[in-house]
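Engineer: input_34.tsv (TSV, C-alpha atoms) pasted underneath:
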chain	number	residue	atom	x	y	z
A	1	MET	CA	21.95	41.40	8.15
A	2	TYR	CA	18.76	40.28	9.91
A	3	VAL	CA	16.66	42.55	7.69
A	4	ARG	CA	18.36	41.20	4.57
A	5	ALA	CA	17.90	37.58	5.63
A	6	LEU	CA	14.25	38.19	6.51
A	7	SER	CA	13.67	39.90	3.13
A	8	GLN	CA	15.18	36.87	1.40
A	9	LEU	CA	12.92	34.55	3.39
A	10	LEU	CA	9.89	36.69	2.52
A	11	ASP	CA	10.83	36.62	-1.17
A	12	ALA	CA	11.04	32.84	-0.91
A	13	GLY	CA	7.54	32.71	0.58
A	14	SER	CA	8.43	31.93	4.21
A	15	GLU	CA	5.93	33.24	6.75
A	16	VAL	CA	7.55	31.96	9.94
A	17	VAL	CA	11.18	31.38	10.87
A	18	ASP	CA	12.93	29.98	13.93
A	19	SER	CA	16.18	31.25	15.41
A	20	LYS	CA	18.06	28.23	14.09
A	21	THR	CA	17.13	28.89	10.44
A	22	LEU	CA	17.62	32.62	10.77
A	23	GLY	CA	20.97	32.05	12.47
A	24	ARG	CA	22.14	29.71	9.72
A	25	LEU	CA	21.36	32.34	7.09
A	26	ILE	CA	23.52	34.97	8.77
A	27	ARG	CA	26.05	32.60	10.37
A	28	ILE	CA	25.16	33.50	13.95
A	29	ALA	CA	24.38	30.97	16.72
A	30	PRO	CA	20.64	30.54	17.46
A	31	ALA	CA	21.14	31.65	21.08
A	32	GLN	CA	22.77	34.87	19.86
A	33	VAL	CA	19.90	35.43	17.41
A	34	ARG	CA	17.38	35.20	20.27
A	35	LYS	CA	19.55	37.49	22.40
A	36	ASP	CA	19.99	40.09	19.62
A	37	LEU	CA	16.27	40.17	18.86
A	38	SER	CA	15.17	40.27	22.50
A	39	TYR	CA	17.42	43.32	22.93
A	40	LEU	CA	15.35	45.17	20.31
A	41	GLY	CA	11.86	44.04	21.36
A	42	LYS	CA	9.50	41.12	21.96
A	43	PHE	CA	8.92	39.53	18.58
A	44	GLY	CA	7.99	35.89	19.05
A	45	LYS	CA	6.49	33.33	21.39
A	46	GLN	CA	8.60	30.53	22.84
A	47	GLY	CA	8.60	27.58	20.46
A	48	GLN	CA	6.53	29.25	17.75
A	49	GLY	CA	9.25	31.04	15.82
A	50	TYR	CA	9.04	34.56	14.46
A	51	SER	CA	6.59	35.98	11.94
A	52	VAL	CA	8.83	36.86	8.98
A	53	PRO	CA	6.90	39.91	7.67
A	54	TYR	CA	6.21	41.32	11.16
A	55	LEU	CA	9.81	40.87	12.33
A	56	ARG	CA	11.20	42.34	9.11
A	57	ASP	CA	8.97	45.41	9.26
A	58	GLU	CA	9.55	45.97	12.97
A	59	LEU	CA	13.34	45.71	12.56
A	60	ARG	CA	13.22	48.09	9.60
A	61	ARG	CA	11.29	50.59	11.69
A	62	ILE	CA	13.50	50.24	14.78
A	63	LEU	CA	16.69	50.48	12.72
A	64	GLY	CA	15.44	53.52	10.79
A	65	LEU	CA	15.41	51.64	7.48
A	66	ASP	CA	11.79	52.52	6.66
A	67	ARG	CA	12.65	56.12	5.90
A	68	ARG	CA	14.86	57.84	3.37
A	69	TRP	CA	18.20	59.26	4.47
A	70	THR	CA	19.84	62.06	2.55
A	71	ALA	CA	23.57	62.08	1.96
A	72	CYS	CA	26.09	64.31	0.26
A	73	LEU	CA	29.30	63.22	-1.42
A	74	VAL	CA	32.61	65.04	-1.15
A	75	GLY	CA	35.15	64.14	-3.84
A	76	VAL	CA	33.98	63.45	-7.38
A	77	GLY	CA	37.04	61.71	-8.83
A	78	ASN	CA	36.85	58.15	-10.17
A	79	LEU	CA	35.79	56.80	-6.78
A	80	GLY	CA	33.19	59.53	-6.22
A	81	GLN	CA	31.72	58.99	-9.68
A	82	ALA	CA	31.51	55.25	-8.99
A	83	ILE	CA	29.74	56.03	-5.69
A	84	ILE	CA	27.19	58.25	-7.45
A	85	ASP	CA	26.57	55.46	-9.97
A	86	TYR	CA	26.36	52.73	-7.30
A	87	PRO	CA	22.90	51.22	-7.72
A	88	GLY	CA	22.58	49.89	-4.15
A	89	PHE	CA	22.05	53.13	-2.23
A	90	VAL	CA	18.51	54.05	-3.32
A	91	PRO	CA	16.97	50.61	-2.70
A	92	GLY	CA	18.84	50.62	0.64
A	93	GLY	CA	17.12	53.86	1.67
A	94	PHE	CA	19.90	56.35	0.92
A	95	SER	CA	19.83	59.23	-1.57
A	96	ILE	CA	22.88	61.23	-2.55
A	97	VAL	CA	21.37	64.68	-3.08
A	98	ALA	CA	24.49	66.80	-3.45
A	99	ALA	CA	28.13	66.47	-4.50
A	100	PHE	CA	31.12	68.70	-3.81
A	101	ASP	CA	34.64	68.99	-5.14
A	102	SER	CA	37.47	71.47	-4.80
A	103	ASP	CA	38.52	71.01	-8.44
A	104	PRO	CA	37.24	73.98	-10.52
A	105	GLU	CA	37.28	71.69	-13.58
A	106	LEU	CA	34.61	69.49	-11.98
A	107	VAL	CA	32.48	72.18	-10.32
A	108	GLY	CA	29.38	72.94	-12.37
A	109	LYS	CA	29.37	69.58	-14.15
A	110	SER	CA	26.56	67.13	-13.59
A	111	ILE	CA	27.48	63.55	-12.65
A	112	GLY	CA	24.71	60.98	-12.68
A	113	GLY	CA	22.21	63.81	-12.56
A	114	ILE	CA	23.82	65.46	-9.52
A	115	PRO	CA	25.45	68.88	-10.00
A	116	VAL	CA	28.98	69.18	-8.58
A	117	ARG	CA	29.14	72.23	-6.27
A	118	PRO	CA	32.15	74.11	-4.92
A	119	MET	CA	33.25	73.38	-1.35
A	120	SER	CA	32.15	76.90	-0.38
A	121	GLU	CA	28.52	75.79	-0.72
A	122	LEU	CA	28.89	72.81	1.60
A	123	ASP	CA	27.58	74.34	4.83
A	124	GLY	CA	24.58	76.02	3.23
A	125	THR	CA	23.59	72.90	1.25
A	126	VAL	CA	23.87	70.53	4.22
A	127	GLU	CA	21.55	72.80	6.17
A	128	ALA	CA	19.10	73.62	3.37
A	129	SER	CA	18.78	70.02	2.16
A	130	GLU	CA	18.76	68.59	5.72
A	131	ILE	CA	21.63	66.26	4.83
A	132	THR	CA	22.32	63.70	7.56
A	133	ILE	CA	25.21	61.69	6.10
A	134	GLY	CA	28.47	62.76	4.48
A	135	ILE	CA	30.23	60.34	2.12
A	136	VAL	CA	33.95	61.06	1.81
A	137	ALA	CA	35.83	60.04	-1.35
A	138	VAL	CA	38.80	62.44	-1.26
A	139	PRO	CA	42.52	61.56	-1.10
A	140	ALA	CA	43.81	60.44	2.31
A	141	SER	CA	45.68	63.70	2.85
A	142	GLN	CA	42.44	65.72	2.65
A	143	ALA	CA	40.09	63.32	4.43
A	144	GLN	CA	40.36	64.65	7.99
A	145	SER	CA	39.83	68.29	7.01
A	146	VAL	CA	36.85	67.39	4.80
A	147	ILE	CA	35.36	65.33	7.61
A	148	ASP	CA	35.86	68.23	10.04
A	149	ARG	CA	33.99	70.51	7.64
A	150	LEU	CA	31.13	68.02	7.24
A	151	VAL	CA	30.83	67.65	11.00
A	152	ASP	CA	30.86	71.43	11.48
A	153	ALA	CA	28.18	71.72	8.78
A	154	GLY	CA	25.97	69.40	10.84
A	155	VAL	CA	26.07	65.90	9.35
A	156	GLN	CA	25.52	63.16	11.92
A	157	GLY	CA	27.10	60.25	10.09
A	158	ILE	CA	30.25	59.85	7.97
A	159	LEU	CA	30.95	57.09	5.46
A	160	ASN	CA	34.68	57.38	4.81
A	161	TYR	CA	36.33	55.74	1.79
A	162	ALA	CA	39.78	57.30	2.33
A	163	PRO	CA	42.51	55.01	3.69
A	164	VAL	CA	42.84	56.84	7.02
A	165	ALA	CA	41.34	56.42	10.50
A	166	PRO	CA	39.78	59.85	11.01
A	167	HIS	CA	38.66	61.39	14.28
A	168	VAL	CA	35.07	62.52	14.77
A	169	PRO	CA	33.25	63.83	17.85
A	170	GLU	CA	31.44	61.15	19.88
A	171	ARG	CA	28.01	62.30	18.67
A	172	VAL	CA	28.97	61.58	15.03
A	173	ILE	CA	28.75	58.00	13.71
A	174	LEU	CA	31.72	56.98	11.56
A	175	ARG	CA	31.95	54.00	9.23
A	176	ASN	CA	35.05	53.29	7.16
A	177	ILE	CA	35.04	51.41	3.87
A	178	ASP	CA	38.28	49.52	4.27
A	179	PRO	CA	39.09	47.05	1.50
A	180	VAL	CA	42.51	46.31	3.01
A	181	LEU	CA	40.92	45.15	6.26
A	182	SER	CA	38.65	42.91	4.17
A	183	LEU	CA	41.64	41.48	2.30
A	184	GLN	CA	43.66	41.06	5.49
A	185	SER	CA	40.76	39.17	7.01
A	186	MET	CA	41.07	36.51	4.30
A	187	THR	CA	44.82	35.90	4.18
A	188	TYR	CA	44.82	33.60	7.22
A	189	TYR	CA	42.47	31.28	5.36
A	190	LEU	CA	44.34	31.63	2.06
A	191	LEU	CA	47.49	30.61	3.89
A	192	GLN	CA	45.89	27.37	5.08
A	193	GLY	CA	45.16	26.47	1.46
A	194	SER	CA	48.51	27.51	0.03
A	195	ARG	CA	51.13	26.88	2.69
A	196	PRO	CA	53.65	24.48	1.22
A	197	ASP	CA	54.11	22.19	4.21
B	1	MET	CA	42.49	45.12	13.87
B	2	TYR	CA	44.93	43.73	16.44
B	3	VAL	CA	47.83	44.16	14.06
B	4	ARG	CA	46.80	47.75	13.33
B	5	ALA	CA	46.42	48.62	17.01
B	6	LEU	CA	49.78	47.02	17.83
B	7	SER	CA	51.45	48.94	15.00
B	8	GLN	CA	49.98	52.17	16.38
B	9	LEU	CA	51.30	51.31	19.86
B	10	LEU	CA	54.71	50.52	18.40
B	11	ASP	CA	54.77	53.84	16.53
B	12	ALA	CA	53.92	55.55	19.82
B	13	GLY	CA	56.88	53.84	21.50
B	14	SER	CA	54.97	51.28	23.61
B	15	GLU	CA	56.92	48.09	24.30
B	16	VAL	CA	54.36	46.26	26.44
B	17	VAL	CA	50.56	46.29	26.42
B	18	ASP	CA	47.90	44.65	28.57
B	19	SER	CA	44.62	43.22	27.34
B	20	LYS	CA	42.69	46.15	28.82
B	21	THR	CA	44.62	48.78	26.82
B	22	LEU	CA	44.63	46.69	23.66
B	23	GLY	CA	40.91	46.03	24.07
B	24	ARG	CA	40.15	49.71	24.50
B	25	LEU	CA	41.96	50.52	21.26
B	26	ILE	CA	39.86	48.10	19.24
B	27	ARG	CA	36.68	48.27	21.34
B	28	ILE	CA	36.77	44.65	22.44
B	29	ALA	CA	36.41	43.45	26.06
B	30	PRO	CA	39.74	42.48	27.73
B	31	ALA	CA	38.49	38.92	28.32
B	32	GLN	CA	37.74	38.58	24.60
B	33	VAL	CA	41.19	39.94	23.73
B	34	ARG	CA	42.82	37.27	25.90
B	35	LYS	CA	40.57	34.61	24.36
B	36	ASP	CA	41.25	35.74	20.77
B	37	LEU	CA	45.00	35.80	21.29
B	38	SER	CA	45.13	32.49	23.18
B	39	TYR	CA	43.35	30.94	20.20
B	40	LEU	CA	46.27	31.92	17.97
B	41	GLY	CA	49.15	31.09	20.30
B	42	LYS	CA	50.82	31.69	23.65
B	43	PHE	CA	52.01	35.28	23.61
B	44	GLY	CA	52.20	36.57	27.16
B	45	LYS	CA	52.68	35.64	30.79
B	46	GLN	CA	49.86	36.11	33.30
B	47	GLY	CA	50.01	39.62	34.72
B	48	GLN	CA	52.94	40.79	32.58
B	49	GLY	CA	51.09	41.96	29.48
B	50	TYR	CA	52.17	41.32	25.91
B	51	SER	CA	55.37	42.40	24.18
B	52	VAL	CA	54.12	44.79	21.49
B	53	PRO	CA	56.76	44.08	18.79
B	54	TYR	CA	56.73	40.32	19.39
B	55	LEU	CA	52.93	40.07	19.35
B	56	ARG	CA	52.64	42.28	16.27
B	57	ASP	CA	55.21	40.26	14.32
B	58	GLU	CA	53.77	36.91	15.40
B	59	LEU	CA	50.24	37.94	14.45
B	60	ARG	CA	51.47	39.24	11.11
B	61	ARG	CA	53.17	35.91	10.44
B	62	ILE	CA	50.21	33.79	11.58
B	63	LEU	CA	47.72	35.88	9.60
B	64	GLY	CA	49.85	35.82	6.46
B	65	LEU	CA	50.45	39.57	6.54
B	66	ASP	CA	54.24	39.29	6.34
B	67	ARG	CA	54.15	38.23	2.72
B	68	ARG	CA	52.97	39.83	-0.49
B	69	TRP	CA	49.69	38.67	-2.03
B	70	THR	CA	49.02	39.12	-5.73
B	71	ALA	CA	45.62	40.18	-6.97
B	72	CYS	CA	43.96	40.87	-10.29
B	73	LEU	CA	41.16	43.31	-10.94
B	74	VAL	CA	38.20	42.66	-13.22
B	75	GLY	CA	36.32	45.77	-14.33
B	76	VAL	CA	38.23	48.96	-15.09
B	77	GLY	CA	35.42	51.52	-15.04
B	78	ASN	CA	35.41	54.42	-12.58
B	79	LEU	CA	35.38	52.08	-9.61
B	80	GLY	CA	38.10	49.83	-11.01
B	81	GLN	CA	40.31	52.84	-11.77
B	82	ALA	CA	39.79	54.10	-8.22
B	83	ILE	CA	40.76	50.64	-6.91
B	84	ILE	CA	43.97	50.65	-8.98
B	85	ASP	CA	44.79	54.10	-7.60
B	86	TYR	CA	43.90	53.18	-3.99
B	87	PRO	CA	47.09	53.79	-2.03
B	88	GLY	CA	46.29	51.38	0.83
B	89	PHE	CA	46.80	48.03	-0.90
B	90	VAL	CA	50.58	47.97	-1.29
B	91	PRO	CA	51.39	48.96	2.32
B	92	GLY	CA	48.76	46.39	3.37
B	93	GLY	CA	50.63	43.63	1.53
B	94	PHE	CA	48.54	43.41	-1.65
B	95	SER	CA	49.66	44.05	-5.22
B	96	ILE	CA	47.30	44.33	-8.14
B	97	VAL	CA	49.39	42.82	-10.94
B	98	ALA	CA	46.80	42.52	-13.72
B	99	ALA	CA	43.54	44.12	-14.83
B	100	PHE	CA	40.85	42.83	-17.16
B	101	ASP	CA	37.86	44.34	-18.91
B	102	SER	CA	35.43	43.21	-21.59
B	103	ASP	CA	35.27	46.70	-23.14
B	104	PRO	CA	37.46	46.78	-26.29
B	105	GLU	CA	37.86	50.55	-25.79
B	106	LEU	CA	39.68	49.91	-22.50
B	107	VAL	CA	41.69	46.83	-23.47
B	108	GLY	CA	45.28	47.73	-24.30
B	109	LYS	CA	45.25	50.93	-22.26
B	110	SER	CA	47.43	51.28	-19.19
B	111	ILE	CA	45.78	52.42	-15.95
B	112	GLY	CA	48.07	53.35	-13.07
B	113	GLY	CA	50.85	51.43	-14.79
B	114	ILE	CA	48.77	48.27	-15.20
B	115	PRO	CA	47.85	47.18	-18.74
B	116	VAL	CA	44.17	46.33	-19.25
B	117	ARG	CA	43.87	42.87	-20.80
B	118	PRO	CA	40.94	41.19	-22.53
B	119	MET	CA	38.87	38.69	-20.55
B	120	SER	CA	40.20	35.93	-22.80
B	121	GLU	CA	43.60	36.26	-21.11
B	122	LEU	CA	42.22	35.85	-17.59
B	123	ASP	CA	42.88	32.13	-17.09
B	124	GLY	CA	46.40	32.20	-18.49
B	125	THR	CA	47.39	35.30	-16.50
B	126	VAL	CA	46.02	34.02	-13.17
B	127	GLU	CA	48.07	30.88	-13.64
B	128	ALA	CA	51.25	32.49	-14.99
B	129	SER	CA	51.33	35.28	-12.39
B	130	GLU	CA	50.22	32.99	-9.55
B	131	ILE	CA	47.37	35.33	-8.70
B	132	THR	CA	45.64	34.40	-5.44
B	133	ILE	CA	42.95	37.09	-5.14
B	134	GLY	CA	40.39	38.41	-7.63
B	135	ILE	CA	38.96	41.90	-7.09
B	136	VAL	CA	35.59	42.34	-8.81
B	137	ALA	CA	34.44	45.81	-9.87
B	138	VAL	CA	31.94	44.97	-12.61
B	139	PRO	CA	28.21	45.80	-12.72
B	140	ALA	CA	25.93	43.68	-10.54
B	141	SER	CA	24.50	41.83	-13.54
B	142	GLN	CA	27.95	40.52	-14.52
B	143	ALA	CA	29.39	39.87	-11.06
B	144	GLN	CA	28.43	36.21	-10.61
B	145	SER	CA	29.71	35.13	-14.03
B	146	VAL	CA	32.99	37.04	-13.53
B	147	ILE	CA	33.41	35.46	-10.09
B	148	ASP	CA	32.75	32.00	-11.55
B	149	ARG	CA	35.48	32.62	-14.15
B	150	LEU	CA	37.94	33.81	-11.49
B	151	VAL	CA	37.22	30.75	-9.36
B	152	ASP	CA	37.64	28.43	-12.36
B	153	ALA	CA	40.92	30.19	-13.17
B	154	GLY	CA	42.16	29.28	-9.69
B	155	VAL	CA	41.93	32.32	-7.43
B	156	GLN	CA	41.40	31.43	-3.77
B	157	GLY	CA	39.92	34.70	-2.55
B	158	ILE	CA	37.39	37.17	-3.99
B	159	LEU	CA	36.95	40.80	-2.98
B	160	ASN	CA	33.59	41.76	-4.47
B	161	TYR	CA	32.53	45.39	-4.89
B	162	ALA	CA	29.32	44.65	-6.84
B	163	PRO	CA	26.03	45.04	-4.96
B	164	VAL	CA	25.15	41.34	-5.07
B	165	ALA	CA	25.63	38.39	-2.73
B	166	PRO	CA	27.51	35.99	-4.99
B	167	HIS	CA	27.98	32.27	-4.51
B	168	VAL	CA	31.45	30.75	-4.32
B	169	PRO	CA	32.60	27.20	-3.56
B	170	GLU	CA	33.42	26.56	0.09
B	171	ARG	CA	37.18	26.51	-0.56
B	172	VAL	CA	37.09	30.11	-1.87
B	173	ILE	CA	37.09	33.01	0.62
B	174	LEU	CA	34.65	35.79	-0.26
B	175	ARG	CA	34.57	39.30	1.14
B	176	ASN	CA	32.04	41.88	0.00
B	177	ILE	CA	32.59	45.63	0.09
B	178	ASP	CA	29.12	46.73	1.06
B	179	PRO	CA	28.67	50.46	1.67
B	180	VAL	CA	24.91	50.06	2.13
B	181	LEU	CA	25.43	47.65	5.02
B	182	SER	CA	27.81	50.23	6.52
B	183	LEU	CA	25.21	52.98	6.13
B	184	GLN	CA	22.40	50.78	7.45
B	185	SER	CA	24.51	50.00	10.51
B	186	MET	CA	24.52	53.70	11.43
B	187	THR	CA	20.86	54.66	10.93
B	188	TYR	CA	19.74	53.24	14.29
B	189	TYR	CA	22.13	55.65	16.00
B	190	LEU	CA	21.24	58.55	13.71
B	191	LEU	CA	17.59	57.99	14.63
B	192	GLN	CA	18.34	58.38	18.33
B	193	GLY	CA	19.82	61.80	17.62
B	194	SER	CA	17.17	62.99	15.20
B	195	ARG	CA	13.87	61.44	16.29
B	196	PRO	CA	11.46	64.29	16.96
B	197	ASP	CA	9.85	62.99	20.14
Written as structure tokens, that's how I'd like the structure from this file.
Structural biologist:
Amino acid sequence: MYVRALSQLLDAGSEVVDSKTLGRLIRIAPAQVRKDLSYLGKFGKQGQGYSVPYLRDELRRILGLDRRWTACLVGVGNLGQAIIDYPGFVPGGFSIVAAFDSDPELVGKSIGGIPVRPMSELDGTVEASEITIGIVAVPASQAQSVIDRLVDAGVQGILNYAPVAPHVPERVILRNIDPVLSLQSMTYYLLQGSRPD
Amino acid sequence: MYVRALSQLLDAGSEVVDSKTLGRLIRIAPAQVRKDLSYLGKFGKQGQGYSVPYLRDELRRILGLDRRWTACLVGVGNLGQAIIDYPGFVPGGFSIVAAFDSDPELVGKSIGGIPVRPMSELDGTVEASEITIGIVAVPASQAQSVIDRLVDAGVQGILNYAPVAPHVPERVILRNIDPVLSLQSMTYYLLQGSRPD
């Protein structure tokens, strides 16, 4: 969020930003902004604000956003095809370089320029292509076993779209795309607007 | 997250839980758990822990999770079809009751039991079906104008899947599904495991 806000500021021509302005952009208190940034390094001088381009580039470097990460996708149904077509990954630093499916009808096809491979090629491809991240777009019932296979094959991060809370070893970083949690986080506020009392 | 953790505890047969156990389940400090819950009501007695079923049901009621929310979907491409098929919404309390697309090839078809309507029917349907939430699965270039139409039609919440940061009036609650932010939040940790130094 900091990197995005700083990129916006840079696009708008800002060279220097203070913690108050930066905090307002990402809805975090100025004191927390200073605390977050001081945890990652020493970026500014008291009372002078932060240099926008320097802070942005340093954060990108520290967070590993200045390099390209390779990912594979498992599950090439409607959701998987939408993920391959999603235009945000490449500008964000992520390339999907391989796709897998257990459906023989899909294997061998090319989706968005990426050939769909059989599950039997998963281990070899993850190793040969040095794939770091596995994106999981299979039905809930298959998600845990697919994630186990990805972890065994050597991926270090999992982005899970299936509506389950999978288990991964501690060394593997898991993120879940959970639209229900997003919806449930808004109902409290919707209720305030709609409650008939 | 509290409601999910409490439901898990209930499924596991727990009747009472303390802030330490609850905090561990959702990775929040016990003091923050007590603070969060005290903000919403008075649920437990000092030193006695919380009643799991009572707390779960009260939180569900307060958060508006004990009722059914109606949503419509705009954009019935691969992503939209995956959203219609997503099995998590209904158990989470959300029903997609209408779908819209501007593509005449899709209009009139039925996807997952939901007829695809033309955009011209959006306003009337939102009003007639008392739709509260709009789910947006259109390309980035169309997202803002679709969101503006949904807001004008009267939805109070937007779940946006397009890779843009749209603007909504203050009274409308916006949540973005942002897989790139999820991926970018893991690269720092991936770097620690992979940095060759």
Engineer: Neighbourhood query: residues within 10 Å of (23.4, 58.6, 18.2), file coordinates, counting all atoms listed in the file; return as a list in words.
Structural biologist: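 With a cut-off of 10 Å, the residues come to Gln156, Gly157, Glu170, Arg171, Val172 and Ile173 of chain A; Met186, Thr187, Tyr188, Tyr189, Leu190, Leu191, Gln192, Gly193 and Ser194 of chain B.
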Engineer: Produce a table with one row for each residue of chain A that has an atom at most 9 Å from any atom of chain B, each row naming the nearest atom pair and its distance in Å at one decimal; use all atoms listed in the file; arrange rows by chain and rising residue number; format as JSON lines.
Structural biologist:
{"residue": "A:Met1", "atom": "CA", "partner": "B:Leu181", "partner_atom": "CA", "distance": 7.8}
{"residue": "A:Ile62", "atom": "CA", "partner": "B:Tyr188", "partner_atom": "CA", "distance": 6.9}
{"residue": "A:Leu63", "atom": "CA", "partner": "B:Tyr188", "partner_atom": "CA", "distance": 4.4}
{"residue": "A:Gly64", "atom": "CA", "partner": "B:Thr187", "partner_atom": "CA", "distance": 5.5}
{"residue": "A:Leu65", "atom": "CA", "partner": "B:Gln184", "partner_atom": "CA", "distance": 7.0}
{"residue": "A:Trp69", "atom": "CA", "partner": "B:Thr187", "partner_atom": "CA", "distance": 8.4}
{"residue": "A:Gly77", "atom": "CA", "partner": "B:Ala82", "partner_atom": "CA", "distance": 8.1}
{"residue": "A:Asn78", "atom": "CA", "partner": "B:Asn78", "partner_atom": "CA", "distance": 4.7}
{"residue": "A:Leu79", "atom": "CA", "partner": "B:Ala82", "partner_atom": "CA", "distance": 5.0}
{"residue": "A:Gly80", "atom": "CA", "partner": "B:Asn78", "partner_atom": "CA", "distance": 8.5}
{"residue": "A:Gln81", "atom": "CA", "partner": "B:Asn78", "partner_atom": "CA", "distance": 6.6}
{"residue": "A:Ala82", "atom": "CA", "partner": "B:Leu79", "partner_atom": "CA", "distance": 5.0}
{"residue": "A:Ile83", "atom": "CA", "partner": "B:Leu79", "partner_atom": "CA", "distance": 7.9}
{"residue": "A:Tyr86", "atom": "CA", "partner": "B:Pro163", "partner_atom": "CA", "distance": 8.0}
{"residue": "A:Pro87", "atom": "CA", "partner": "B:Pro163", "partner_atom": "CA", "distance": 7.5}
{"residue": "A:Gly88", "atom": "CA", "partner": "B:Pro163", "partner_atom": "CA", "distance": 6.0}
{"residue": "A:Phe89", "atom": "CA", "partner": "B:Val180", "partner_atom": "CA", "distance": 6.1}
{"residue": "A:Gly92", "atom": "CA", "partner": "B:Val180", "partner_atom": "CA", "distance": 6.3}
{"residue": "A:Gly93", "atom": "CA", "partner": "B:Gln184", "partner_atom": "CA", "distance": 8.4}
{"residue": "A:Phe94", "atom": "CA", "partner": "B:Val180", "partner_atom": "CA", "distance": 8.1}
{"residue": "A:Thr132", "atom": "CA", "partner": "B:Leu190", "partner_atom": "CA", "distance": 8.1}
{"residue": "A:Ile133", "atom": "CA", "partner": "B:Leu183", "partner_atom": "CA", "distance": 8.7}
{"residue": "A:Pro139", "atom": "CA", "partner": "B:Tyr86", "partner_atom": "CA", "distance": 9.0}
{"residue": "A:Ala140", "atom": "CA", "partner": "B:Pro87", "partner_atom": "CA", "distance": 8.6}
{"residue": "A:Gln156", "atom": "CA", "partner": "B:Leu190", "partner_atom": "CA", "distance": 6.5}
{"residue": "A:Gly157", "atom": "CA", "partner": "B:Leu190", "partner_atom": "CA", "distance": 7.1}
{"residue": "A:Ile158", "atom": "CA", "partner": "B:Leu183", "partner_atom": "CA", "distance": 8.7}
{"residue": "A:Leu159", "atom": "CA", "partner": "B:Leu183", "partner_atom": "CA", "distance": 7.1}
{"residue": "A:Ala162", "atom": "CA", "partner": "B:Tyr86", "partner_atom": "CA", "distance": 8.6}
{"residue": "A:Pro163", "atom": "CA", "partner": "B:Gly88", "partner_atom": "CA", "distance": 6.0}
{"residue": "A:Val164", "atom": "CA", "partner": "B:Gly88", "partner_atom": "CA", "distance": 8.9}
{"residue": "A:Arg171", "atom": "CA", "partner": "B:Gly193", "partner_atom": "CA", "distance": 8.3}
{"residue": "A:Val172", "atom": "CA", "partner": "B:Leu190", "partner_atom": "CA", "distance": 8.4}
{"residue": "A:Ile173", "atom": "CA", "partner": "B:Met186", "partner_atom": "CA", "distance": 6.4}
{"residue": "A:Leu174", "atom": "CA", "partner": "B:Met186", "partner_atom": "CA", "distance": 7.9}
{"residue": "A:Arg175", "atom": "CA", "partner": "B:Ser182", "partner_atom": "CA", "distance": 6.2}
{"residue": "A:Asn176", "atom": "CA", "partner": "B:Ser182", "partner_atom": "CA", "distance": 7.9}
{"residue": "A:Ile177", "atom": "CA", "partner": "B:Pro179", "partner_atom": "CA", "distance": 6.8}
{"residue": "A:Asp178", "atom": "CA", "partner": "B:Ile177", "partner_atom": "CA", "distance": 8.1}
{"residue": "A:Pro179", "atom": "CA", "partner": "B:Ile177", "partner_atom": "CA", "distance": 6.8}
{"residue": "A:Val180", "atom": "CA", "partner": "B:Phe89", "partner_atom": "CA", "distance": 6.1}
{"residue": "A:Leu181", "atom": "CA", "partner": "B:Met1", "partner_atom": "CA", "distance": 7.8}
{"residue": "A:Ser182", "atom": "CA", "partner": "B:Arg175", "partner_atom": "CA", "distance": 6.2}
{"residue": "A:Leu183", "atom": "CA", "partner": "B:Leu159", "partner_atom": "CA", "distance": 7.1}
{"residue": "A:Gln184", "atom": "CA", "partner": "B:Leu65", "partner_atom": "CA", "distance": 7.0}
{"residue": "A:Ser185", "atom": "CA", "partner": "B:Leu63", "partner_atom": "CA", "distance": 8.1}
{"residue": "A:Met186", "atom": "CA", "partner": "B:Ile173", "partner_atom": "CA", "distance": 6.5}
{"residue": "A:Thr187", "atom": "CA", "partner": "B:Gly64", "partner_atom": "CA", "distance": 5.5}
{"residue": "A:Tyr188", "atom": "CA", "partner": "B:Leu63", "partner_atom": "CA", "distance": 4.4}
{"residue": "A:Tyr189", "atom": "CA", "partner": "B:Ile173", "partner_atom": "CA", "distance": 7.4}
{"residue": "A:Leu190", "atom": "CA", "partner": "B:Gln156", "partner_atom": "CA", "distance": 6.5}
{"residue": "A:Leu191", "atom": "CA", "partner": "B:Gly64", "partner_atom": "CA", "distance": 6.3}
{"residue": "A:Gly193", "atom": "CA", "partner": "B:Gln156", "partner_atom": "CA", "distance": 8.1}
{"residue": "A:Ser194", "atom": "CA", "partner": "B:Gln156", "partner_atom": "CA", "distance": 9.0}
Engineer: Write out as number ranges by chain which residues come within 10 Å of Val126 (chain A) when counting all atoms listed in the file, dropping same-chain ones fewer than 5 positions away.
Structural biologist: A: 70-72, 97-98, 121, 131-134, 150, 153-155
Engineer: Distance CA of Arg117 (chain B)-CA of Val74 (chain B), one decimal place?
Structural biologist: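 Pair CA of Arg117 (chain B) / CA of Val74 (chain B) returns 9.5 Å.
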Engineer: Rounded to one decimal in Å, what is the spacing between CA of Pro115 (chain B) and CA of Phe100 (chain B)?
Structural biologist: 8.4 Å
Engineer: Measuring between only C-alpha atoms, which one of A:Arg24, A:Asp66, A:Gly75, A:Val17 shows the shortest distance to Ser51 (chain A)?
Structural biologist: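 Once distances to Ser51 (chain A) are computed over only C-alpha atoms, the minimum belongs to A:Val17.
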Engineer: CA of Ser141 (chain B) to CA of His167 (chain B): how many Å, to one decimal?
Structural biologist: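 Between these atoms lies a distance of 13.6 Å.
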Engineer: Using all atoms listed in the file, find each residue of region 38-87 of chain B with at least one atom at most 10 Å away from an atom of region 7-16 of chain B; report its shortest atom-to-atom pair and that distance in Å (one decimal), sort the rows by chain and rising residue number, and return the result as CSV.
Structural biologist:
residue,atom,partner,partner_atom,distance
B:Gly44,CA,B:Val16,CA,10.0
B:Gln48,CA,B:Val16,CA,8.3
B:Gly49,CA,B:Val16,CA,6.2
B:Tyr50,CA,B:Val16,CA,5.4
B:Ser51,CA,B:Val16,CA,4.6
B:Val52,CA,B:Glu15,CA,5.2
B:Pro53,CA,B:Leu10,CA,6.8
B:Tyr54,CA,B:Glu15,CA,9.2
B:Leu55,CA,B:Val16,CA,9.5
B:Arg56,CA,B:Ser7,CA,6.9
B:Asp57,CA,B:Ser7,CA,9.5
